[in-house]
>>> print(open('run16.cif').read())   # mmCIF, C-alpha atoms
data_final
#
loop_
_atom_site.group_PDB
_atom_site.id
_atom_site.type_symbol
_atom_site.label_atom_id
_atom_site.label_comp_id
_atom_site.auth_asym_id
_atom_site.auth_seq_id
_atom_site.Cartn_x
_atom_site.Cartn_y
_atom_site.Cartn_z
ATOM 1 C CA MET A 26 94.446 -105.638 -22.163
ATOM 2 C CA LYS A 27 97.694 -105.306 -24.075
ATOM 3 C CA VAL A 28 98.279 -108.037 -26.657
ATOM 4 C CA LEU A 29 100.916 -108.879 -29.262
ATOM 5 C CA VAL A 30 100.077 -110.254 -32.716
ATOM 6 C CA THR A 31 102.797 -111.835 -34.849
ATOM 7 C CA GLY A 32 102.159 -111.792 -38.590
ATOM 8 C CA ALA A 33 100.043 -108.704 -37.959
ATOM 9 C CA ALA A 34 100.026 -107.541 -41.600
ATOM 10 C CA GLY A 35 98.962 -110.922 -42.948
ATOM 11 C CA PHE A 36 95.563 -112.156 -44.079
ATOM 12 C CA ILE A 37 94.432 -113.634 -40.765
ATOM 13 C CA GLY A 38 96.697 -111.511 -38.565
ATOM 14 C CA SER A 39 95.424 -108.152 -39.827
ATOM 15 C CA THR A 40 91.812 -109.282 -39.522
ATOM 16 C CA LEU A 41 92.533 -110.326 -35.949
ATOM 17 C CA VAL A 42 94.181 -106.951 -35.231
ATOM 18 C CA ASP A 43 91.030 -105.145 -36.361
ATOM 19 C CA ARG A 44 88.849 -107.360 -34.162
ATOM 20 C CA LEU A 45 91.071 -106.851 -31.101
ATOM 21 C CA LEU A 46 91.067 -103.077 -31.542
ATOM 22 C CA ASP A 47 87.279 -103.112 -31.910
ATOM 23 C CA MET A 48 87.167 -104.954 -28.578
ATOM 24 C CA GLY A 49 89.132 -102.147 -26.933
ATOM 25 C CA HIS A 50 92.507 -103.870 -26.553
ATOM 26 C CA THR A 51 95.916 -102.278 -27.069
ATOM 27 C CA VAL A 52 97.722 -104.160 -29.852
ATOM 28 C CA VAL A 53 101.401 -104.450 -30.740
ATOM 29 C CA GLY A 54 101.921 -105.989 -34.157
ATOM 30 C CA VAL A 55 105.081 -107.664 -35.444
ATOM 31 C CA ASP A 56 105.576 -108.432 -39.125
ATOM 32 C CA ASN A 57 108.621 -108.907 -41.372
ATOM 33 C CA SER A 58 106.777 -107.773 -44.540
ATOM 34 C CA SER A 59 107.632 -111.010 -46.366
ATOM 35 C CA THR A 60 104.010 -111.782 -47.232
ATOM 36 C CA GLY A 61 102.046 -109.269 -45.165
ATOM 37 C CA GLN A 62 100.460 -106.249 -46.813
ATOM 38 C CA ALA A 63 100.852 -102.808 -45.218
ATOM 39 C CA HIS A 64 97.499 -101.603 -46.570
ATOM 40 C CA PHE A 65 95.734 -104.340 -44.589
ATOM 41 C CA LEU A 66 96.664 -102.300 -41.507
ATOM 42 C CA LYS A 67 95.503 -98.942 -42.843
ATOM 43 C CA ALA A 68 92.589 -98.648 -40.412
ATOM 44 C CA ALA A 69 94.565 -100.106 -37.519
ATOM 45 C CA SER A 70 97.442 -97.682 -38.081
ATOM 46 C CA ALA A 71 95.102 -94.752 -37.505
ATOM 47 C CA ASN A 72 94.212 -96.121 -34.075
ATOM 48 C CA PRO A 73 96.347 -94.807 -31.190
ATOM 49 C CA ARG A 74 96.077 -98.206 -29.476
ATOM 50 C CA PHE A 75 97.998 -99.928 -32.285
ATOM 51 C CA GLY A 76 101.698 -100.013 -33.028
ATOM 52 C CA LEU A 77 103.619 -102.022 -35.633
ATOM 53 C CA GLU A 78 107.187 -103.270 -35.304
ATOM 54 C CA ARG A 79 108.770 -104.383 -38.557
ATOM 55 C CA GLY A 80 111.010 -107.341 -37.937
ATOM 56 C CA ASP A 81 111.294 -111.105 -37.882
ATOM 57 C CA ILE A 82 110.044 -113.419 -35.155
ATOM 58 C CA LEU A 83 113.487 -115.045 -35.200
ATOM 59 C CA ASP A 84 114.795 -111.833 -33.604
ATOM 60 C CA LYS A 85 114.386 -112.600 -29.897
ATOM 61 C CA GLN A 86 115.550 -109.171 -28.767
ATOM 62 C CA LEU A 87 112.937 -107.500 -30.939
ATOM 63 C CA LEU A 88 110.226 -109.684 -29.447
ATOM 64 C CA VAL A 89 111.423 -109.040 -25.905
ATOM 65 C CA SER A 90 111.340 -105.300 -26.559
ATOM 66 C CA CYS A 91 107.695 -105.603 -27.684
ATOM 67 C CA MET A 92 106.430 -107.648 -24.735
ATOM 68 C CA PRO A 93 106.484 -105.440 -21.616
ATOM 69 C CA ASN A 94 102.985 -105.559 -20.040
ATOM 70 C CA VAL A 95 101.675 -107.883 -22.778
ATOM 71 C CA GLU A 96 99.109 -110.328 -21.358
ATOM 72 C CA GLN A 97 98.367 -112.392 -24.464
ATOM 73 C CA VAL A 98 100.309 -113.339 -27.584
ATOM 74 C CA PHE A 99 98.477 -114.266 -30.788
ATOM 75 C CA HIS A 100 101.088 -116.122 -32.836
ATOM 76 C CA MET A 101 99.861 -115.953 -36.439
ATOM 77 C CA ALA A 102 103.187 -115.541 -38.274
ATOM 78 C CA ALA A 103 104.205 -118.507 -40.430
ATOM 79 C CA ASN A 104 105.270 -119.677 -43.811
ATOM 80 C CA ALA A 105 101.901 -121.052 -44.887
ATOM 81 C CA ASP A 106 102.451 -122.304 -48.421
ATOM 82 C CA VAL A 107 102.327 -126.119 -48.304
ATOM 83 C CA ARG A 108 102.670 -126.500 -52.040
ATOM 84 C CA PHE A 109 106.147 -124.995 -52.379
ATOM 85 C CA GLY A 110 107.627 -126.490 -49.217
ATOM 86 C CA PRO A 111 109.918 -128.919 -51.087
ATOM 87 C CA ASP A 112 111.318 -126.008 -53.120
ATOM 88 C CA HIS A 113 112.565 -124.357 -49.898
ATOM 89 C CA PRO A 114 113.026 -127.255 -47.466
ATOM 90 C CA THR A 115 114.388 -125.185 -44.553
ATOM 91 C CA ARG A 116 111.823 -122.386 -44.686
ATOM 92 C CA ASP A 117 109.107 -124.170 -42.696
ATOM 93 C CA LEU A 118 111.654 -125.245 -40.097
ATOM 94 C CA GLU A 119 112.983 -121.717 -39.662
ATOM 95 C CA GLN A 120 109.780 -119.681 -39.829
ATOM 96 C CA ASN A 121 107.312 -122.071 -38.214
ATOM 97 C CA ALA A 122 109.336 -124.249 -35.836
ATOM 98 C CA GLN A 123 112.260 -122.056 -34.814
ATOM 99 C CA GLY A 124 110.118 -118.927 -35.014
ATOM 100 C CA THR A 125 107.646 -120.382 -32.535
ATOM 101 C CA ALA A 126 110.469 -121.433 -30.208
ATOM 102 C CA THR A 127 111.779 -117.860 -30.264
ATOM 103 C CA VAL A 128 108.340 -116.414 -29.501
ATOM 104 C CA LEU A 129 107.976 -118.777 -26.549
ATOM 105 C CA GLU A 130 111.402 -117.937 -25.165
ATOM 106 C CA ALA A 131 110.666 -114.217 -25.378
ATOM 107 C CA MET A 132 107.403 -114.858 -23.544
ATOM 108 C CA ARG A 133 109.248 -116.757 -20.805
ATOM 109 C CA ILE A 134 111.766 -113.960 -20.356
ATOM 110 C CA CYS A 135 109.026 -111.325 -20.154
ATOM 111 C CA GLY A 136 106.545 -113.349 -18.115
ATOM 112 C CA VAL A 137 103.768 -113.273 -20.723
ATOM 113 C CA PRO A 138 101.161 -115.750 -19.463
ATOM 114 C CA ALA A 139 99.198 -116.829 -22.552
ATOM 115 C CA ILE A 140 99.581 -117.735 -26.225
ATOM 116 C CA ALA A 141 97.096 -118.449 -29.004
ATOM 117 C CA PHE A 142 98.693 -120.318 -31.896
ATOM 118 C CA ALA A 143 97.611 -120.718 -35.507
ATOM 119 C CA SER A 144 98.297 -124.376 -36.236
ATOM 120 C CA THR A 145 96.780 -126.404 -39.079
ATOM 121 C CA GLY A 146 94.664 -129.415 -39.914
ATOM 122 C CA SER A 147 97.693 -130.586 -41.875
ATOM 123 C CA VAL A 148 99.131 -131.978 -38.627
ATOM 124 C CA TYR A 149 96.763 -134.944 -39.100
ATOM 125 C CA GLY A 150 98.474 -135.897 -42.376
ATOM 126 C CA GLU A 151 96.176 -138.253 -44.265
ATOM 127 C CA ALA A 152 93.805 -138.925 -41.384
ATOM 128 C CA THR A 153 92.201 -142.333 -40.921
ATOM 129 C CA ILE A 154 89.180 -140.914 -39.057
ATOM 130 C CA ILE A 155 86.851 -138.566 -40.941
ATOM 131 C CA PRO A 156 85.685 -136.117 -39.664
ATOM 132 C CA THR A 157 88.943 -135.873 -37.752
ATOM 133 C CA PRO A 158 88.832 -135.131 -33.990
ATOM 134 C CA GLU A 159 91.499 -133.326 -31.976
ATOM 135 C CA ASP A 160 92.615 -136.565 -30.299
ATOM 136 C CA HIS A 161 93.324 -138.330 -33.604
ATOM 137 C CA PRO A 162 96.807 -139.916 -33.436
ATOM 138 C CA PHE A 163 99.446 -138.012 -35.360
ATOM 139 C CA PRO A 164 100.334 -140.082 -38.417
ATOM 140 C CA VAL A 165 103.400 -140.069 -40.631
ATOM 141 C CA GLN A 166 103.688 -136.444 -41.780
ATOM 142 C CA THR A 167 103.083 -135.741 -45.464
ATOM 143 C CA SER A 168 104.228 -132.106 -45.689
ATOM 144 C CA LEU A 169 107.116 -130.056 -44.369
ATOM 145 C CA TYR A 170 104.566 -127.433 -43.341
ATOM 146 C CA GLY A 171 102.542 -129.899 -41.255
ATOM 147 C CA ALA A 172 105.690 -131.315 -39.672
ATOM 148 C CA SER A 173 106.844 -127.826 -38.643
ATOM 149 C CA LYS A 174 103.491 -127.137 -36.993
ATOM 150 C CA VAL A 175 103.677 -130.433 -35.074
ATOM 151 C CA PHE A 176 107.046 -129.282 -33.714
ATOM 152 C CA ALA A 177 105.588 -125.891 -32.793
ATOM 153 C CA GLU A 178 102.629 -127.467 -30.999
ATOM 154 C CA GLY A 179 105.025 -129.670 -29.044
ATOM 155 C CA GLN A 180 107.117 -126.689 -27.989
ATOM 156 C CA ILE A 181 104.032 -124.782 -26.872
ATOM 157 C CA SER A 182 102.756 -127.708 -24.815
ATOM 158 C CA ALA A 183 106.181 -128.154 -23.218
ATOM 159 C CA TYR A 184 106.418 -124.458 -22.289
ATOM 160 C CA ALA A 185 102.900 -124.633 -20.868
ATOM 161 C CA GLU A 186 103.974 -127.495 -18.622
ATOM 162 C CA ALA A 187 107.369 -126.086 -17.671
ATOM 163 C CA PHE A 188 106.544 -122.396 -17.230
ATOM 164 C CA GLY A 189 102.796 -122.227 -16.622
ATOM 165 C CA ILE A 190 101.947 -120.531 -19.921
ATOM 166 C CA ARG A 191 98.303 -121.059 -20.893
ATOM 167 C CA ALA A 192 98.012 -122.186 -24.503
ATOM 168 C CA HIS A 193 95.271 -122.220 -27.111
ATOM 169 C CA ILE A 194 96.177 -124.171 -30.239
ATOM 170 C CA PHE A 195 93.913 -123.818 -33.278
ATOM 171 C CA ARG A 196 94.054 -126.357 -36.106
ATOM 172 C CA PHE A 197 92.578 -124.562 -39.095
ATOM 173 C CA VAL A 198 91.191 -125.808 -42.340
ATOM 174 C CA SER A 199 91.998 -123.453 -45.236
ATOM 175 C CA ILE A 200 90.808 -119.916 -44.509
ATOM 176 C CA LEU A 201 89.054 -117.761 -47.114
ATOM 177 C CA GLY A 202 87.655 -114.241 -47.242
ATOM 178 C CA GLU A 203 88.670 -110.619 -47.543
ATOM 179 C CA ARG A 204 92.473 -110.034 -47.632
ATOM 180 C CA TYR A 205 93.055 -113.584 -48.916
ATOM 181 C CA THR A 206 96.394 -113.609 -50.734
ATOM 182 C CA HIS A 207 97.318 -117.173 -51.669
ATOM 183 C CA GLY A 208 95.694 -120.497 -52.411
ATOM 184 C CA HIS A 209 93.588 -122.201 -55.029
ATOM 185 C CA VAL A 210 90.813 -119.582 -55.216
ATOM 186 C CA LEU A 211 93.370 -116.892 -56.071
ATOM 187 C CA ASP A 212 95.104 -119.232 -58.511
ATOM 188 C CA PHE A 213 91.848 -120.071 -60.296
ATOM 189 C CA TYR A 214 90.765 -116.419 -60.328
ATOM 190 C CA GLN A 215 94.023 -115.222 -61.855
ATOM 191 C CA GLN A 216 93.972 -117.955 -64.487
ATOM 192 C CA LEU A 217 90.377 -117.218 -65.503
ATOM 193 C CA VAL A 218 90.953 -113.476 -65.737
ATOM 194 C CA GLU A 219 93.974 -114.087 -67.958
ATOM 195 C CA HIS A 220 92.399 -116.772 -70.153
ATOM 196 C CA PRO A 221 88.724 -117.481 -69.365
ATOM 197 C CA GLU A 222 88.570 -120.216 -71.973
ATOM 198 C CA LYS A 223 90.741 -122.677 -70.033
ATOM 199 C CA LEU A 224 91.655 -123.610 -66.477
ATOM 200 C CA ARG A 225 94.550 -125.786 -65.350
ATOM 201 C CA VAL A 226 93.788 -127.749 -62.186
ATOM 202 C CA LEU A 227 96.385 -129.638 -60.180
ATOM 203 C CA GLY A 228 95.312 -133.211 -59.456
ATOM 204 C CA ASN A 229 91.956 -134.607 -60.564
ATOM 205 C CA GLY A 230 89.655 -131.977 -59.040
ATOM 206 C CA LYS A 231 88.084 -134.560 -56.760
ATOM 207 C CA GLN A 232 90.098 -133.591 -53.686
ATOM 208 C CA ARG A 233 87.632 -132.999 -50.845
ATOM 209 C CA LYS A 234 88.331 -129.936 -48.744
ATOM 210 C CA SER A 235 86.775 -127.918 -45.967
ATOM 211 C CA TYR A 236 87.135 -124.139 -45.812
ATOM 212 C CA LEU A 237 86.287 -121.447 -43.255
ATOM 213 C CA HIS A 238 85.653 -117.737 -43.668
ATOM 214 C CA VAL A 239 88.215 -115.560 -41.889
ATOM 215 C CA GLN A 240 85.620 -113.746 -39.778
ATOM 216 C CA ASP A 241 84.282 -117.090 -38.550
ATOM 217 C CA CYS A 242 87.855 -118.134 -37.787
ATOM 218 C CA ILE A 243 88.504 -115.029 -35.664
ATOM 219 C CA ALA A 244 85.171 -115.426 -33.868
ATOM 220 C CA ALA A 245 86.067 -119.024 -32.974
ATOM 221 C CA ILE A 246 89.476 -117.985 -31.633
ATOM 222 C CA MET A 247 87.977 -115.328 -29.391
ATOM 223 C CA THR A 248 85.233 -117.689 -28.180
ATOM 224 C CA ALA A 249 87.780 -120.324 -27.190
ATOM 225 C CA ILE A 250 90.032 -117.876 -25.362
ATOM 226 C CA GLU A 251 87.098 -116.461 -23.419
ATOM 227 C CA ARG A 252 85.454 -119.787 -22.514
ATOM 228 C CA SER A 253 88.196 -122.441 -22.195
ATOM 229 C CA ARG A 254 90.785 -122.121 -19.450
ATOM 230 C CA GLU A 255 92.756 -125.373 -19.390
ATOM 231 C CA LYS A 256 96.548 -125.312 -19.431
ATOM 232 C CA VAL A 257 96.594 -126.474 -23.077
ATOM 233 C CA ASN A 258 93.423 -126.036 -25.160
ATOM 234 C CA ILE A 259 93.336 -127.573 -28.639
ATOM 235 C CA PHE A 260 90.543 -126.830 -31.114
ATOM 236 C CA ASN A 261 89.796 -127.790 -34.686
ATOM 237 C CA LEU A 262 88.339 -124.868 -36.643
ATOM 238 C CA GLY A 263 86.231 -125.544 -39.717
ATOM 239 C CA THR A 264 82.678 -125.921 -40.941
ATOM 240 C CA ASP A 265 80.482 -129.004 -40.727
ATOM 241 C CA GLU A 266 80.710 -129.541 -44.492
ATOM 242 C CA TYR A 267 83.237 -130.100 -47.238
ATOM 243 C CA CYS A 268 83.310 -129.760 -51.006
ATOM 244 C CA GLU A 269 85.272 -131.052 -53.957
ATOM 245 C CA VAL A 270 87.719 -128.767 -55.709
ATOM 246 C CA ASN A 271 85.419 -129.214 -58.722
ATOM 247 C CA ASP A 272 82.567 -127.707 -56.703
ATOM 248 C CA SER A 273 84.614 -124.591 -55.972
ATOM 249 C CA ILE A 274 85.536 -124.361 -59.661
ATOM 250 C CA GLY A 275 81.839 -124.379 -60.562
ATOM 251 C CA TRP A 276 81.034 -121.614 -58.066
ATOM 252 C CA ILE A 277 83.951 -119.458 -59.207
ATOM 253 C CA CYS A 278 83.170 -119.875 -62.902
ATOM 254 C CA ALA A 279 79.499 -119.059 -62.355
ATOM 255 C CA GLU A 280 80.462 -115.905 -60.446
ATOM 256 C CA LEU A 281 82.833 -114.832 -63.230
ATOM 257 C CA GLY A 282 80.447 -115.845 -66.008
ATOM 258 C CA CYS A 283 82.822 -118.186 -67.845
ATOM 259 C CA SER A 284 82.830 -121.825 -68.971
ATOM 260 C CA PRO A 285 86.464 -122.838 -69.357
ATOM 261 C CA ARG A 286 87.899 -126.061 -70.695
ATOM 262 C CA ILE A 287 89.375 -127.739 -67.642
ATOM 263 C CA GLU A 288 92.778 -129.372 -67.896
ATOM 264 C CA TYR A 289 93.589 -131.710 -65.011
ATOM 265 C CA THR A 290 97.174 -132.676 -64.253
ATOM 266 C CA GLY A 291 95.967 -136.029 -62.895
ATOM 267 C CA GLY A 292 96.262 -138.028 -59.692
ATOM 268 C CA GLU A 293 94.437 -137.582 -56.403
ATOM 269 C CA ARG A 294 97.013 -135.056 -55.108
ATOM 270 C CA GLY A 295 97.898 -131.729 -56.653
ATOM 271 C CA TRP A 296 101.327 -131.559 -54.965
ATOM 272 C CA VAL A 297 103.396 -133.186 -52.249
ATOM 273 C CA GLY A 298 101.434 -132.845 -49.011
ATOM 274 C CA ASP A 299 98.105 -132.165 -50.721
ATOM 275 C CA ASN A 300 95.731 -134.208 -48.570
ATOM 276 C CA PRO A 301 92.939 -135.569 -50.799
ATOM 277 C CA PHE A 302 90.363 -135.406 -47.967
ATOM 278 C CA ILE A 303 90.335 -132.788 -45.195
ATOM 279 C CA PHE A 304 87.286 -132.634 -42.921
ATOM 280 C CA LEU A 305 87.693 -131.799 -39.232
ATOM 281 C CA ASN A 306 85.405 -132.644 -36.347
ATOM 282 C CA THR A 307 84.540 -129.293 -34.722
ATOM 283 C CA THR A 308 82.338 -130.549 -31.883
ATOM 284 C CA ARG A 309 84.732 -129.198 -29.240
ATOM 285 C CA ILE A 310 84.541 -125.539 -30.373
ATOM 286 C CA ARG A 311 80.806 -125.832 -31.086
ATOM 287 C CA ASP A 312 80.240 -127.016 -27.520
ATOM 288 C CA LEU A 313 81.443 -123.565 -26.435
ATOM 289 C CA GLY A 314 78.584 -121.969 -28.387
ATOM 290 C CA TRP A 315 80.425 -120.991 -31.596
ATOM 291 C CA ARG A 316 78.807 -121.492 -34.998
ATOM 292 C CA PRO A 317 80.129 -120.395 -38.416
ATOM 293 C CA GLN A 318 78.091 -117.712 -40.124
ATOM 294 C CA PHE A 319 79.128 -118.596 -43.689
ATOM 295 C CA THR A 320 78.882 -121.799 -45.696
ATOM 296 C CA ILE A 321 81.847 -122.926 -47.796
ATOM 297 C CA ARG A 322 80.118 -121.711 -50.952
ATOM 298 C CA GLU A 323 79.492 -118.296 -49.389
ATOM 299 C CA ALA A 324 83.124 -118.081 -48.258
ATOM 300 C CA VAL A 325 84.375 -118.907 -51.768
ATOM 301 C CA LEU A 326 82.082 -116.342 -53.399
ATOM 302 C CA LYS A 327 82.950 -113.610 -50.897
ATOM 303 C CA THR A 328 86.619 -114.277 -51.654
ATOM 304 C CA VAL A 329 86.099 -114.026 -55.412
ATOM 305 C CA ARG A 330 84.162 -110.768 -55.011
ATOM 306 C CA TYR A 331 86.958 -109.379 -52.848
ATOM 307 C CA LEU A 332 89.534 -110.346 -55.482
ATOM 308 C CA ARG A 333 87.509 -108.645 -58.226
ATOM 309 C CA GLU A 334 87.554 -105.401 -56.240
ATOM 310 C CA GLU A 335 90.993 -105.512 -54.656
ATOM 311 C CA ILE A 336 93.285 -107.731 -56.746
ATOM 312 C CA HIS A 337 95.318 -104.635 -57.690
ATOM 313 C CA LEU A 338 96.322 -104.249 -54.037
ATOM 314 C CA ILE A 339 97.739 -107.732 -53.473
ATOM 315 C CA ASN A 340 101.533 -107.753 -53.268
ATOM 316 C CA ARG A 341 101.776 -104.057 -54.134
ATOM 317 C CA ASP A 342 103.804 -103.156 -51.010
#
>>> encode(input="run16.cif", output="structure tokens")
Amino acid sequence: MKVLVTGAAGFIGSTLVDRLLDMGHTVVGVDNSSTGQAHFLKAASANPRFGLERGDILDKQLLVSCMPNVEQVFHMAANADVRFGPDHPTRDLEQNAQGTATVLEAMRICGVPAIAFASTGSVYGEATIIPTPEDHPFPVQTSLYGASKVFAEGQISAYAEAFGIRAHIFRFVSILGERYTHGHVLDFYQQLVEHPEKLRVLGNGKQRKSYLHVQDCIAAIMTAIERSREKVNIFNLGTDEYCEVNDSIGWICAELGCSPRIEYTGGERGWVGDNPFIFLNTTRIRDLGWRPQFTIREAVLKTVRYLREEIHLINRD
């Protein structure tokens, strides 16, 4: 099968590309190089069944030129940094909302029948039901990032209804693992390497979060696509546990062998849109037979070990 992956040089996108090639598919990647890393695609680039187009998903003509004979789109491209959304208030709208609309329109023009979309648990805002199921009502949005993903999900559902496109929508918790390039584990790692005697933590450290290893994330996506065939299929992806930010600090410090003085900025949120409790109900994906292979602690430690070995590669391109 021929597939297209947007955000192909990114953390999740490049890992997905490798998995798809291992499965024998032909893969066209699209990436604008804004946050993706070319070296993540080193192995893929040596495979004759892979090709990369450098360009933006807002370029409809580029997307149309990439889609002949494509049977499945994996839409992974996005601006994914919740924390700095208010600093660039149109970026989420352009990259996540309008970008998704452009992908869908290119699919309609080319007759591509299926899309898998990387959404987010942030669409639930500050959920009133914990663990949060897929049918939880959408609340008032608390981040520009989450709001842009709600728009994108709506567009996908509407195109599924209007044009018969089959959709899989995946609401992720935060993803960790090899090729991880932004988030609190990287922030803590960089701080502790620079000054192991102190660590600045946004908020009070008591924020409760769930995390998922990237390989478990990809396995869940492939399981859902293979085993669920409704017009619109929505799945939460996460583990059946959560931890406090303070727990992750303890694991990271133990791995690095340091005991820093911790300076908290205070409050239950580290930034605008920082949900103090994220824990998703994953019964729906588990009912298809998927189970995560890594605990949150294992995912954090594997990420730290990757950073120790490969930090020199991040953002080098």
>>> closest_residue(input="run16.cif", among="A:Leu227, A:Ala185, A:Val198, A:Ala244", to="Tyr267 in chain A", atoms="only C-alpha atoms")
A:Val198
>>> closest_residue(input="run16.cif", among="A:Cys242, A:Leu169, A:Ile310, A:Val218", to="Gly282 in chain A", atoms="all atoms listed in the file")
A:Val218
>>> atom_distance(input="run16.cif", atom1="CA of Gly150 in chain A", atom2="CA of Ala249 in chain A")
24.2 Å
>>> residues_near_point(input="run16.cif", point="(96.4, -122.3, -48.9)", cutoff="6 Å", atoms="only C-alpha atoms", output="PyMOL selection string")
chain A and resi 199+207-208
>>> atom_distance(input="run16.cif", atom1="CA of Ile140 in chain A", atom2="CA of Ala192 in chain A")
5.0 Å
>>> closest_residue(input="run16.cif", among="A:Cys278, A:Ala183, A:Val148, A:Leu201", to="Asn261 in chain A", atoms="only C-alpha atoms")
A:Val148
>>> build_atoms(input="run16.cif", residues="range 220-235 of chain A", atoms="N, CA and C atoms", output="compact mmCIF listing (two decimals), in the coordinates of the input")
# COMPACT_ATOMS: atom_id res chain seq x y z
N HIS A 220 92.89 -116.00 -69.01
CA HIS A 220 92.40 -116.77 -70.15
C HIS A 220 91.13 -117.53 -69.75
N PRO A 221 89.97 -116.89 -69.85
CA PRO A 221 88.72 -117.48 -69.36
C PRO A 221 88.29 -118.72 -70.12
N GLU A 222 88.96 -119.04 -71.19
CA GLU A 222 88.57 -120.22 -71.97
C GLU A 222 89.17 -121.52 -71.46
N LYS A 223 90.13 -121.45 -70.54
CA LYS A 223 90.74 -122.68 -70.03
C LYS A 223 91.18 -122.50 -68.59
N LEU A 224 91.23 -123.63 -67.88
CA LEU A 224 91.66 -123.61 -66.48
C LEU A 224 92.47 -124.86 -66.20
N ARG A 225 93.69 -124.67 -65.72
CA ARG A 225 94.55 -125.79 -65.35
C ARG A 225 94.36 -126.08 -63.86
N VAL A 226 94.08 -127.34 -63.55
CA VAL A 226 93.79 -127.75 -62.19
C VAL A 226 94.77 -128.84 -61.78
N LEU A 227 95.46 -128.64 -60.67
CA LEU A 227 96.38 -129.64 -60.18
C LEU A 227 95.61 -130.81 -59.58
N GLY A 228 96.02 -132.03 -59.92
CA GLY A 228 95.31 -133.21 -59.46
C GLY A 228 94.12 -133.52 -60.35
N ASN A 229 93.13 -134.20 -59.78
CA ASN A 229 91.96 -134.61 -60.56
C ASN A 229 90.70 -133.80 -60.26
N GLY A 230 90.81 -132.81 -59.38
CA GLY A 230 89.66 -131.98 -59.04
C GLY A 230 88.70 -132.62 -58.05
N LYS A 231 88.97 -133.85 -57.67
CA LYS A 231 88.08 -134.56 -56.76
C LYS A 231 88.55 -134.50 -55.30
N GLN A 232 89.64 -133.77 -55.06
CA GLN A 232 90.10 -133.59 -53.69
C GLN A 232 88.97 -132.95 -52.87
N ARG A 233 88.72 -133.50 -51.70
CA ARG A 233 87.63 -133.00 -50.84
C ARG A 233 88.24 -132.14 -49.74
N LYS A 234 87.74 -130.92 -49.65
CA LYS A 234 88.33 -129.94 -48.74
C LYS A 234 87.23 -129.25 -47.92
N SER A 235 87.64 -128.77 -46.76
CA SER A 235 86.78 -127.92 -45.97
C SER A 235 87.43 -126.55 -45.87
